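For reference, final_14.cif (mmCIF, C-alpha atoms and all ligand atoms):
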```
data_target
#
loop_
_atom_site.label_atom_id
_atom_site.label_comp_id
_atom_site.auth_asym_id
_atom_site.auth_seq_id
_atom_site.Cartn_x
_atom_site.Cartn_y
_atom_site.Cartn_z
CA MET A 22 0.00 0.00 0.00
CA ASP A 23 1.37 3.41 -0.97
CA ARG A 24 1.49 5.72 1.97
CA PRO A 25 1.90 9.46 1.36
CA PHE A 26 5.05 11.16 2.59
CA LEU A 27 6.73 14.53 2.37
CA ASP A 28 10.50 14.99 2.12
CA LEU A 29 11.68 18.25 3.68
CA GLU A 30 15.16 19.27 2.59
CA PRO A 31 17.45 20.93 5.16
CA CYS A 32 16.03 24.33 5.81
CA GLY A 33 18.07 27.51 5.60
CA PRO A 34 17.45 30.18 8.21
CA LEU A 35 13.75 30.81 8.83
CA ARG A 36 13.10 34.52 8.56
CA GLY A 37 10.08 36.75 8.66
CA SER A 38 6.75 37.00 10.36
CA LEU A 39 3.51 35.10 10.14
CA ARG A 40 0.04 34.79 11.57
CA VAL A 41 -1.04 31.30 12.48
CA PRO A 42 -4.65 30.04 12.11
CA GLY A 43 -7.24 30.74 14.80
CA ASP A 44 -7.18 29.08 18.19
CA LYS A 45 -8.74 25.62 18.11
CA SER A 46 -10.05 25.67 21.69
CA VAL A 47 -11.66 29.11 21.24
CA THR A 48 -13.15 28.14 17.86
CA HIS A 49 -14.85 25.01 19.26
CA ARG A 50 -16.26 26.97 22.18
CA GLY A 51 -17.18 30.07 20.17
CA LEU A 52 -19.20 27.96 17.73
CA MET A 53 -20.99 26.13 20.53
CA LEU A 54 -21.91 29.27 22.46
CA LEU A 55 -23.05 31.10 19.31
CA ALA A 56 -25.20 28.04 18.49
CA LEU A 57 -26.90 28.50 21.88
CA SER A 58 -27.34 32.26 21.52
CA GLU A 59 -30.30 34.19 20.12
CA GLY A 60 -29.91 35.95 16.78
CA GLU A 61 -26.86 36.12 14.57
CA GLY A 62 -23.21 36.58 15.42
CA ARG A 63 -19.90 36.21 13.63
CA LEU A 64 -16.90 34.17 14.66
CA LEU A 65 -14.03 36.17 13.20
CA HIS A 66 -10.81 34.45 12.07
CA PRO A 67 -11.80 31.03 13.42
CA LEU A 68 -9.78 27.90 12.80
CA LYS A 69 -11.12 26.08 9.76
CA ALA A 70 -9.47 22.70 10.11
CA GLY A 71 -10.48 19.06 10.57
CA ASP A 72 -11.42 19.32 14.24
CA THR A 73 -13.38 22.57 14.16
CA LEU A 74 -15.17 21.70 10.90
CA SER A 75 -16.41 18.61 12.77
CA THR A 76 -17.82 20.99 15.38
CA ALA A 77 -19.51 23.18 12.77
CA ARG A 78 -21.11 20.12 11.15
CA ALA A 79 -22.32 18.69 14.47
CA LEU A 80 -23.91 22.02 15.43
CA GLN A 81 -25.58 22.28 12.02
CA ALA A 82 -27.04 18.81 12.59
CA LEU A 83 -28.38 20.21 15.89
CA GLY A 84 -30.15 23.03 14.06
CA ALA A 85 -27.70 25.95 14.20
CA GLU A 86 -27.20 27.79 10.92
CA ILE A 87 -23.50 28.20 10.20
CA ALA A 88 -22.33 29.86 7.00
CA GLU A 89 -18.86 30.74 5.79
CA GLU A 90 -18.30 34.43 5.19
CA GLY A 91 -14.83 34.78 3.70
CA PRO A 92 -12.44 33.68 6.45
CA HIS A 93 -15.19 34.02 9.10
CA PHE A 94 -18.26 32.07 10.21
CA ARG A 95 -21.70 33.59 10.56
CA VAL A 96 -23.84 31.68 13.07
CA ARG A 97 -27.58 31.88 13.70
CA GLY A 98 -28.17 30.31 17.07
CA ARG A 99 -31.04 28.28 18.47
CA GLY A 100 -31.52 30.20 21.72
CA LEU A 101 -30.58 27.47 24.26
CA ARG A 102 -32.78 24.83 22.58
CA LEU A 103 -31.06 22.55 20.08
CA ARG A 104 -32.86 20.33 17.57
CA GLU A 105 -32.73 16.54 17.84
CA PRO A 106 -30.23 15.32 15.20
CA GLU A 107 -31.52 12.88 12.58
CA ASP A 108 -28.31 10.88 12.53
CA VAL A 109 -25.26 9.99 14.58
CA LEU A 110 -22.99 13.00 15.31
CA ASP A 111 -19.48 12.37 14.03
CA CYS A 112 -16.86 14.12 16.18
CA GLY A 113 -14.06 12.96 13.87
CA ASN A 114 -10.70 13.23 15.64
CA ALA A 115 -11.72 15.95 18.13
CA GLY A 116 -11.68 15.09 21.83
CA THR A 117 -12.68 18.64 22.71
CA LEU A 118 -15.78 18.40 20.55
CA MET A 119 -16.93 15.06 21.92
CA ARG A 120 -16.45 15.97 25.58
CA LEU A 121 -17.88 19.51 25.44
CA LEU A 122 -20.80 18.49 23.24
CA LEU A 123 -21.69 15.69 25.62
CA GLY A 124 -22.04 18.26 28.43
CA LEU A 125 -24.13 20.52 26.25
CA LEU A 126 -26.42 17.72 25.03
CA ALA A 127 -26.88 16.33 28.54
CA GLY A 128 -28.72 19.57 29.27
CA GLN A 129 -31.14 19.40 26.33
CA GLU A 130 -34.53 18.30 27.67
CA GLY A 131 -35.67 15.06 25.97
CA LEU A 132 -33.18 15.30 23.10
CA PHE A 133 -31.58 12.02 21.99
CA ALA A 134 -28.19 11.95 20.32
CA VAL A 135 -25.41 9.47 19.55
CA LEU A 136 -21.80 10.64 19.38
CA THR A 137 -19.02 8.80 17.64
CA GLY A 138 -15.60 9.58 16.21
CA ASP A 139 -12.64 8.13 14.34
CA ALA A 140 -10.63 5.14 15.56
CA SER A 141 -8.42 7.36 17.74
CA LEU A 142 -11.33 9.17 19.40
CA ARG A 143 -13.19 5.90 20.02
CA ARG A 144 -10.18 4.71 22.03
CA ARG A 145 -9.98 7.82 24.23
CA PRO A 146 -11.36 7.91 27.80
CA MET A 147 -14.87 9.37 28.05
CA GLY A 148 -15.67 8.10 31.57
CA ARG A 149 -14.06 11.29 32.90
CA VAL A 150 -17.02 13.32 31.55
CA VAL A 151 -19.72 10.65 31.58
CA GLU A 152 -19.33 9.91 35.29
CA PRO A 153 -19.79 13.46 36.64
CA LEU A 154 -22.54 14.16 34.09
CA ARG A 155 -24.37 11.08 35.41
CA GLN A 156 -23.95 12.50 38.92
CA MET A 157 -25.78 15.56 37.59
CA GLY A 158 -28.59 13.26 36.47
CA ALA A 159 -27.66 12.73 32.82
CA GLU A 160 -28.74 9.59 31.00
CA ILE A 161 -25.69 8.44 29.05
CA ASP A 162 -24.69 5.00 27.82
CA GLY A 163 -21.90 3.81 25.64
CA ARG A 164 -19.29 1.17 25.03
CA GLU A 165 -17.65 -0.30 28.15
CA GLY A 166 -20.46 1.08 30.29
CA GLY A 167 -19.97 4.61 28.94
CA LYS A 168 -16.18 4.78 29.10
CA ARG A 169 -15.75 4.93 25.29
CA ALA A 170 -17.61 6.21 22.27
CA PRO A 171 -19.99 5.65 20.61
CA LEU A 172 -22.01 7.28 23.37
CA ALA A 173 -25.77 7.78 23.50
CA VAL A 174 -27.29 10.60 25.51
CA ARG A 175 -30.86 11.50 26.34
CA GLY A 176 -30.77 15.03 27.72
CA GLY A 177 -32.58 16.74 30.55
CA GLY A 178 -33.29 16.61 34.27
CA LEU A 179 -29.89 17.93 35.37
CA ARG A 180 -29.09 19.27 38.82
CA GLY A 181 -25.94 21.11 39.83
CA ILE A 182 -23.18 19.29 41.69
CA ALA A 183 -19.85 20.28 43.22
CA TYR A 184 -17.13 18.30 41.48
CA THR A 185 -13.39 18.28 42.04
CA LEU A 186 -11.48 17.40 38.87
CA PRO A 187 -9.51 14.17 39.46
CA VAL A 188 -7.27 14.96 36.46
CA PRO A 189 -6.37 18.44 35.27
CA SER A 190 -8.60 18.68 32.18
CA ALA A 191 -10.11 21.78 30.64
CA GLN A 192 -12.36 19.53 28.58
CA VAL A 193 -13.95 17.95 31.67
CA LYS A 194 -14.27 21.36 33.36
CA SER A 195 -15.88 22.83 30.25
CA ALA A 196 -18.29 19.92 29.73
CA LEU A 197 -19.58 20.36 33.29
CA LEU A 198 -19.87 24.15 32.98
CA LEU A 199 -21.85 23.77 29.74
CA ALA A 200 -24.15 21.21 31.38
CA GLY A 201 -24.46 23.59 34.34
CA LEU A 202 -26.12 26.17 32.05
CA PHE A 203 -29.12 23.81 31.94
CA ALA A 204 -29.04 22.43 35.51
CA GLU A 205 -31.18 23.13 38.55
CA GLY A 206 -29.13 25.02 41.18
CA VAL A 207 -25.43 25.73 41.18
CA THR A 208 -22.78 23.69 39.35
CA GLU A 209 -19.35 24.05 40.91
CA VAL A 210 -16.14 22.71 39.39
CA VAL A 211 -13.09 22.70 41.64
CA GLU A 212 -9.84 22.73 39.79
CA PRO A 213 -6.89 21.94 42.13
CA ILE A 214 -4.49 22.41 39.19
CA PRO A 215 -5.31 25.26 36.78
CA THR A 216 -6.07 24.40 33.15
CA ARG A 217 -6.88 26.56 30.13
CA ASP A 218 -9.68 28.97 31.03
CA HIS A 219 -11.20 29.80 27.62
CA THR A 220 -14.66 28.59 28.64
CA GLU A 221 -14.73 30.93 31.63
CA ARG A 222 -13.57 33.88 29.50
CA LEU A 223 -16.22 33.12 26.87
CA PHE A 224 -19.00 32.77 29.44
CA ARG A 225 -18.08 36.33 30.49
CA HIS A 226 -17.94 37.51 26.87
CA PHE A 227 -21.50 36.25 26.28
CA GLY A 228 -22.78 37.40 29.70
CA LEU A 229 -23.42 33.84 30.96
CA PRO A 230 -23.48 33.12 34.69
CA LEU A 231 -19.98 32.61 36.08
CA GLU A 232 -18.30 33.13 39.44
CA THR A 233 -14.79 32.18 40.37
CA GLU A 234 -13.23 31.97 43.80
CA GLY A 235 -9.70 30.60 43.79
CA PRO A 236 -9.92 27.10 42.33
CA ARG A 237 -13.77 27.09 42.42
CA ILE A 238 -15.72 27.90 39.26
CA ARG A 239 -19.50 28.17 39.48
CA THR A 240 -22.31 28.53 37.03
CA ARG A 241 -26.08 28.11 37.04
CA ARG A 242 -29.02 27.90 34.68
CA ALA A 243 -28.70 30.41 31.83
CA GLU A 244 -31.31 32.84 30.59
CA PRO A 245 -31.57 33.29 26.84
CA PHE A 246 -28.67 35.47 25.71
CA PRO A 247 -28.02 37.48 22.54
CA ALA A 248 -25.42 36.57 19.92
CA LYS A 249 -22.28 38.70 19.87
CA ASP A 250 -19.33 38.77 17.47
CA LEU A 251 -16.20 37.07 18.72
CA THR A 252 -12.67 37.42 17.34
CA VAL A 253 -10.51 34.31 17.64
CA PRO A 254 -6.80 34.90 18.37
CA GLY A 255 -4.05 32.93 16.61
CA ASP A 256 -3.43 29.53 18.19
CA PHE A 257 -0.40 29.53 20.51
CA SER A 258 -0.12 25.74 20.04
CA SER A 259 0.33 26.27 16.28
CA ALA A 260 2.74 29.18 16.80
CA ALA A 261 4.91 26.94 18.98
CA PHE A 262 6.10 24.91 15.95
CA PHE A 263 7.56 27.99 14.25
CA LEU A 264 9.09 29.35 17.43
CA VAL A 265 11.00 26.12 18.00
CA ALA A 266 11.88 25.83 14.29
CA ALA A 267 13.56 29.25 14.57
CA LEU A 268 15.31 28.37 17.86
CA VAL A 269 16.97 25.25 16.37
CA THR A 270 17.81 26.44 12.82
CA PRO A 271 21.01 28.53 12.59
CA GLY A 272 20.52 32.18 11.59
CA SER A 273 16.74 32.21 12.08
CA GLU A 274 14.49 34.94 13.38
CA VAL A 275 10.70 34.49 13.29
CA THR A 276 7.90 36.64 14.69
CA VAL A 277 4.41 35.23 15.18
CA GLU A 278 1.85 38.03 15.31
CA GLY A 279 -1.72 38.16 16.56
CA VAL A 280 -1.26 35.08 18.72
CA GLY A 281 -3.20 34.24 21.88
CA LEU A 282 -1.01 34.66 24.98
CA ASN A 283 -3.42 33.38 27.61
CA PRO A 284 -1.16 32.45 30.57
CA THR A 285 -2.98 29.12 30.96
CA ARG A 286 -1.57 28.19 27.53
CA THR A 287 1.97 29.57 27.44
CA GLY A 288 3.91 27.30 29.84
CA LEU A 289 6.21 26.43 26.91
CA LEU A 290 7.64 29.97 26.86
CA GLU A 291 8.85 29.57 30.44
CA VAL A 292 10.48 26.22 29.74
CA LEU A 293 12.19 27.48 26.57
CA LYS A 294 13.44 30.56 28.46
CA ALA A 295 14.92 28.28 31.13
CA MET A 296 16.67 26.42 28.27
CA GLY A 297 18.31 29.72 27.31
CA ALA A 298 16.09 30.51 24.29
CA ASP A 299 16.27 33.96 22.75
CA LEU A 300 12.56 34.78 22.94
CA GLU A 301 10.58 37.92 23.48
CA TRP A 302 6.84 38.42 23.61
CA ARG A 303 4.36 41.12 24.42
CA VAL A 304 0.60 41.34 24.93
CA LEU A 305 -0.71 44.17 22.75
CA GLU A 306 -4.50 43.83 22.90
CA GLY A 307 -7.39 41.70 24.08
CA GLU A 308 -9.93 39.93 21.90
CA GLY A 309 -12.98 38.15 23.32
CA GLY A 310 -11.39 38.36 26.75
CA GLU A 311 -8.16 36.73 25.54
CA PRO A 312 -4.74 38.46 25.67
CA VAL A 313 -3.20 38.71 22.20
CA GLY A 314 0.26 39.82 21.09
CA TYR A 315 3.45 38.73 19.34
CA VAL A 316 6.27 36.31 20.09
CA ARG A 317 9.71 36.60 18.46
CA ALA A 318 12.24 33.74 18.47
CA ARG A 319 15.90 33.88 17.39
CA TYR A 320 18.29 31.01 16.89
CA GLY A 321 20.77 30.42 19.70
CA PRO A 322 22.19 27.62 21.82
CA LEU A 323 19.74 25.74 24.06
CA LYS A 324 20.60 23.74 27.16
CA GLY A 325 18.77 20.76 28.63
CA VAL A 326 16.59 21.34 31.71
CA GLN A 327 14.52 19.60 34.33
CA VAL A 328 10.96 20.70 33.48
CA ASP A 329 8.76 21.83 36.40
CA PRO A 330 5.83 19.35 36.60
CA ALA A 331 3.45 22.21 37.47
CA LEU A 332 4.01 23.71 34.00
CA ILE A 333 2.81 20.65 32.06
CA PRO A 334 -0.95 21.41 32.28
CA LEU A 335 -0.14 24.89 30.92
CA MET A 336 1.60 23.40 27.88
CA VAL A 337 -0.07 20.01 27.56
CA ASP A 338 -0.21 20.10 23.73
CA GLU A 339 3.31 21.56 23.39
CA VAL A 340 5.22 18.62 24.87
CA PRO A 341 5.95 17.09 21.42
CA ILE A 342 7.50 20.34 20.18
CA LEU A 343 9.36 20.79 23.47
CA ALA A 344 10.84 17.33 22.85
CA ALA A 345 12.02 18.59 19.44
CA ALA A 346 13.76 21.55 21.12
CA ALA A 347 15.28 19.23 23.75
CA ALA A 348 16.75 17.05 21.00
CA TRP A 349 18.74 20.08 19.76
CA ALA A 350 19.82 21.24 23.23
CA GLU A 351 23.15 20.68 24.89
CA GLY A 352 22.65 18.13 27.70
CA GLU A 353 19.66 16.14 28.93
CA THR A 354 16.07 17.29 29.39
CA HIS A 355 13.74 15.54 31.80
CA ILE A 356 9.99 16.04 31.25
CA PRO A 357 7.78 14.72 34.08
CA ASN A 358 4.00 14.59 34.65
CA LEU A 359 3.11 13.16 31.25
CA ALA A 360 0.34 10.67 32.18
CA GLU A 361 -2.27 12.69 30.25
CA LEU A 362 -0.19 12.52 27.07
CA ARG A 363 -0.82 8.79 26.87
CA VAL A 364 -4.54 9.42 26.17
CA LYS A 365 -4.36 12.08 23.47
CA GLU A 366 -4.86 11.46 19.72
CA SER A 367 -1.98 8.98 20.04
CA ASP A 368 0.03 7.77 23.01
CA ARG A 369 2.23 10.84 22.73
CA VAL A 370 4.87 9.64 25.20
CA GLN A 371 5.47 6.59 23.04
CA ALA A 372 5.18 8.55 19.78
CA ILE A 373 7.76 11.09 20.97
CA ALA A 374 10.19 8.36 22.09
CA HIS A 375 9.78 6.48 18.79
CA ASN A 376 10.45 9.54 16.63
CA LEU A 377 13.38 10.80 18.70
CA ARG A 378 15.01 7.39 18.27
CA ALA A 379 14.26 7.46 14.54
CA LEU A 380 16.24 10.73 14.41
CA GLY A 381 19.16 9.28 16.36
CA VAL A 382 18.40 10.92 19.71
CA ALA A 383 18.92 9.03 22.98
CA VAL A 384 15.65 8.81 24.92
CA GLU A 385 14.41 6.99 27.99
CA GLU A 386 10.67 6.54 28.48
CA GLY A 387 9.01 6.06 31.87
CA PRO A 388 5.31 5.58 32.66
CA ASP A 389 4.79 9.34 32.85
CA TRP A 390 8.14 10.89 31.97
CA LEU A 391 10.73 11.25 29.24
CA ARG A 392 14.47 11.80 29.48
CA ILE A 393 15.84 13.20 26.25
CA GLY A 394 19.53 13.32 25.42
CA GLY A 395 20.40 16.45 23.44
CA GLY A 396 23.11 17.10 20.88
CA GLY A 397 21.09 17.33 17.68
CA VAL A 398 19.37 14.93 15.32
CA ARG A 399 20.36 13.05 12.18
CA ARG A 400 18.36 12.69 8.98
CA GLY A 401 15.57 10.15 9.27
CA GLU A 402 11.90 9.32 8.81
CA VAL A 403 9.17 10.30 11.25
CA GLU A 404 5.85 8.63 11.93
CA PRO A 405 2.86 10.72 13.05
CA PHE A 406 0.84 7.81 14.50
CA HIS A 407 -2.31 9.51 13.13
CA ASP A 408 -1.58 12.54 15.33
CA HIS A 409 -1.36 16.11 13.97
CA ARG A 410 0.93 17.43 16.71
CA ILE A 411 3.40 14.56 16.31
CA ALA A 412 3.54 15.16 12.52
CA MET A 413 4.30 18.87 12.94
CA ALA A 414 6.66 18.57 15.92
CA PHE A 415 8.90 16.00 14.24
CA ALA A 416 8.88 17.80 10.90
CA VAL A 417 10.41 20.69 12.88
CA ALA A 418 12.82 18.42 14.77
CA GLY A 419 14.25 17.14 11.49
CA LEU A 420 14.07 20.38 9.52
CA PRO A 421 17.68 21.57 10.04
CA VAL A 422 19.05 18.30 8.56
CA GLY A 423 16.20 17.19 6.29
CA VAL A 424 13.46 14.70 7.17
CA ARG A 425 10.82 12.44 5.63
CA VAL A 426 7.38 12.91 7.23
CA TRP A 427 4.98 10.04 6.66
CA GLU A 428 1.29 10.91 6.26
CA PRO A 429 1.84 14.68 6.53
CA GLY A 430 -1.90 15.20 5.94
CA TRP A 431 -2.54 14.63 9.65
CA ALA A 432 -1.43 18.24 10.21
CA GLU A 433 -4.76 19.32 8.73
CA ILE A 434 -6.56 18.36 11.92
CA SER A 435 -5.41 21.66 13.45
CA TYR A 436 -3.29 23.48 10.82
CA PRO A 437 -4.16 22.99 7.13
CA GLY A 438 -1.44 25.31 5.71
CA PHE A 439 1.34 24.16 8.02
CA PHE A 440 3.87 22.81 5.51
CA GLY A 441 3.28 25.74 3.14
CA ASP A 442 3.96 28.24 5.92
CA LEU A 443 7.07 26.33 6.97
CA ARG A 444 8.46 26.34 3.42
CA ARG A 445 7.70 30.04 2.97
CA LEU A 446 9.60 30.99 6.13
CA CYS A 447 12.53 28.85 4.97
CA GLY A 448 12.64 30.92 1.81
CA ALA A 449 11.59 27.93 -0.34
CA SER A 450 8.77 28.31 -2.86
O1 LIG A 501 -10.25 22.24 26.38
C1 LIG A 501 -9.58 22.22 25.34
O2 LIG A 501 -9.86 22.93 24.34
C2 LIG A 501 -8.41 21.33 25.29
C3 LIG A 501 -7.92 20.78 26.45
C4 LIG A 501 -6.78 19.86 26.51
O3 LIG A 501 -7.29 18.55 26.72
P1 LIG A 501 -7.61 17.97 28.21
O4 LIG A 501 -8.75 18.68 28.77
O5 LIG A 501 -7.94 16.51 27.95
O6 LIG A 501 -6.33 18.15 28.97
C5 LIG A 501 -5.96 19.88 25.23
O7 LIG A 501 -5.08 18.78 25.20
C6 LIG A 501 -6.81 19.90 24.01
O8 LIG A 501 -6.02 20.02 22.84
C7 LIG A 501 -7.77 21.07 23.99
C1 LIG A 502 -5.35 16.89 22.36
C2 LIG A 502 -5.73 17.66 21.35
O1 LIG A 502 -7.03 17.85 20.91
P1 LIG A 502 -8.38 17.07 21.28
O2 LIG A 502 -8.28 16.56 22.69
O3 LIG A 502 -9.46 18.07 21.07
O4 LIG A 502 -8.51 15.94 20.28
C3 LIG A 502 -4.72 18.46 20.60
O5 LIG A 502 -5.14 19.28 19.77
O6 LIG A 502 -3.50 18.32 20.79
#
```

Taking this structure as input, can you express it in the form of structure tokens?
Amino acid sequence: MDRPFLDLEPCGPLRGSLRVPGDKSVTHRGLMLLALSEGEGRLLHPLKAGDTLSTARALQALGAEIAEEGPHFRVRGRGLRLREPEDVLDCGNAGTLMRLLLGLLAGQEGLFAVLTGDASLRRRPMGRVVEPLRQMGAEIDGREGGKRAPLAVRGGGLRGIAYTLPVPSAQVKSALLLAGLFAEGVTEVVEPIPTRDHTERLFRHFGLPLETEGPRIRTRRAEPFPAKDLTVPGDFSSAAFFLVAALVTPGSEVTVEGVGLNPTRTGLLEVLKAMGADLEWRVLEGEGGEPVGYVRARYGPLKGVQVDPALIPLMVDEVPILAAAAAWAEGETHIPNLAELRVKESDRVQAIAHNLRALGVAVEEGPDWLRIGGGGVRRGEVEPFHDHRIAMAFAVAGLPVGVRVWEPGWAEISYPGFFGDLRRLCGAS
């Protein structure tokens, strides 16, 4: 069987500036909240990629009108009441969609829906949202007693609960807050370890009930609310690939503009700084309650570090690209607290170890940690394991020496123009 691949020749210095596509987390949430609003609103500069197009399609099947308007989306919402879908809702590869939508649908009185996804998503743990939603009164069933998709939900009859997150997960937090908009009484999520707070910021943007007190986040039943335009910042997780590409390719200087700099997302900047990276960034404005600015990265020597475990939830999707930076550093890097990476689109701990070895880098893999020997990589072939972030991270790891990327199309899950942007910054056509 012929598998597609892309050969990237050694890249010269990367120079120039770019804007990356819209934030994936904010696009999923913006579409969902606009679908629940009354009237029409625009989502400006959203991400249009595999995952978020799955969200748009699912919401259309639930009765929201979503139209493309140039680079934007125009959404006519349903005013808190979604329509029963005629068919199974396909969440594709998107964990965020499946988990958040489950919370939302659990609140829809009498509505029946079935959620499924691709082979990767059907393997991922759903008990973490199903169990607390059941505590709220939701009727949900699924494979393995509701631990895996396909999942069936019959909405309605929810009551608020107080729930402490057993794993740091913004998806679980968000699913419960969305369900809480339809529940009797107060829904309180306690988050011992902070995770990305886009849902909270968007609840405020749309005027939905929200109170926070330290680690406690509370919501309650929503009143109908009007649609409102929302501008989506550039995705920091996408920007991270170009920042590291510049840091490891001699002579490079790259500026990413218009990128979201929410502090619950930018843990990678702190780790790269500790590695000695020549990085500067500044918040210039706010859009939809999100801080937005630029980040500039210049090539320079990096040194291996011991990563602070507390930073991992603030950079959970950036560990693959951190591993690429670590491979080019002088000395060893130890990355702890990686249990959650084993249940992403792929087992990312294993995928990182495999690809580092394929590029000649010494790596030791523990149950929830990686130890990466630095010193640079040699030319090789990298395997995405059906995972967009692994494809992009290891394309960058191999870029200074040349690399073959198998199944590069996986990048389109979160960044359709990724390889084009990479070539342009390298000065290639
Ligand atoms: O809430 C979100 O938008 C996301 C939360 C994170 O997942 P977890 O909640 O499983 O950590 C992250 O990995 C994912 O890419 C997007
Ligand atoms: C983990 C990710 O996304 P999701 O959980 O939405 O599939 C990701 O984008 O890296």

Against segment 326-336 of chain A, which residues of segment 93-200 of chain A fall within 12 Å? For each one I want the closest pair of atoms and the distance in Å (one decimal), counting all atoms listed in the file, rows by chain and increasing residue number, as a tab-separated table.
```
residue	atom	partner	partner_atom	distance
A:Val188	CA	A:Pro334	CA	10.0
A:Pro189	CA	A:Pro334	CA	6.9
A:Ser190	CA	A:Pro334	CA	8.1
A:Ala191	CA	A:Pro334	CA	9.3
```

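Ranking A:Pro213, A:Met157, A:Asp111, A:Ser273 by their shortest atom-to-atom distance to Gly448 of chain A, with all atoms listed in the file included, puts A:Ser273 first.
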
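In this comparison, which uses all atoms listed in the file, the residue of A:Gly441, A:Gly396, A:Gly148, A:Gly177 approaching Gly352 of chain A most closely is A:Gly396.
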
Dump the neighbourhood of ligand LIG 502 (chain A) as an mmCIF file with C-alpha atoms, in the coordinates of the input: all residues within 7 Å, distances computed on only C-alpha atoms and all ligand atoms.
```cif
data_model
loop_
_atom_site.group_PDB
_atom_site.id
_atom_site.type_symbol
_atom_site.label_atom_id
_atom_site.label_comp_id
_atom_site.auth_asym_id
_atom_site.auth_seq_id
_atom_site.Cartn_x
_atom_site.Cartn_y
_atom_site.Cartn_z
ATOM 1 C CA ASN A 114 -10.700 13.230 15.640
ATOM 2 C CA ALA A 115 -11.720 15.950 18.130
ATOM 3 C CA GLY A 116 -11.680 15.090 21.830
ATOM 4 C CA THR A 117 -12.680 18.640 22.710
ATOM 5 C CA LEU A 118 -15.780 18.400 20.550
ATOM 6 C CA ASP A 338 -0.210 20.100 23.730
ATOM 7 C CA LYS A 365 -4.360 12.080 23.470
ATOM 8 C CA GLU A 366 -4.860 11.460 19.720
ATOM 9 C CA ARG A 410 0.930 17.430 16.710
ATOM 10 C CA SER A 435 -5.410 21.660 13.450
#
```

Interatomic distance, atom CA of Arg378 of chain A to atom CA of Arg400 of chain A (Å, one decimal):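 Separation between atom CA of Arg378 of chain A and atom CA of Arg400 of chain A: 11.2 Å.
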
Neighbour list for Ile182 of chain A as a ChimeraX atom specification, cut-off 7 Å, only C-alpha atoms, skip fewer than 2 positions in-chain: /A:157,180,184,207-209
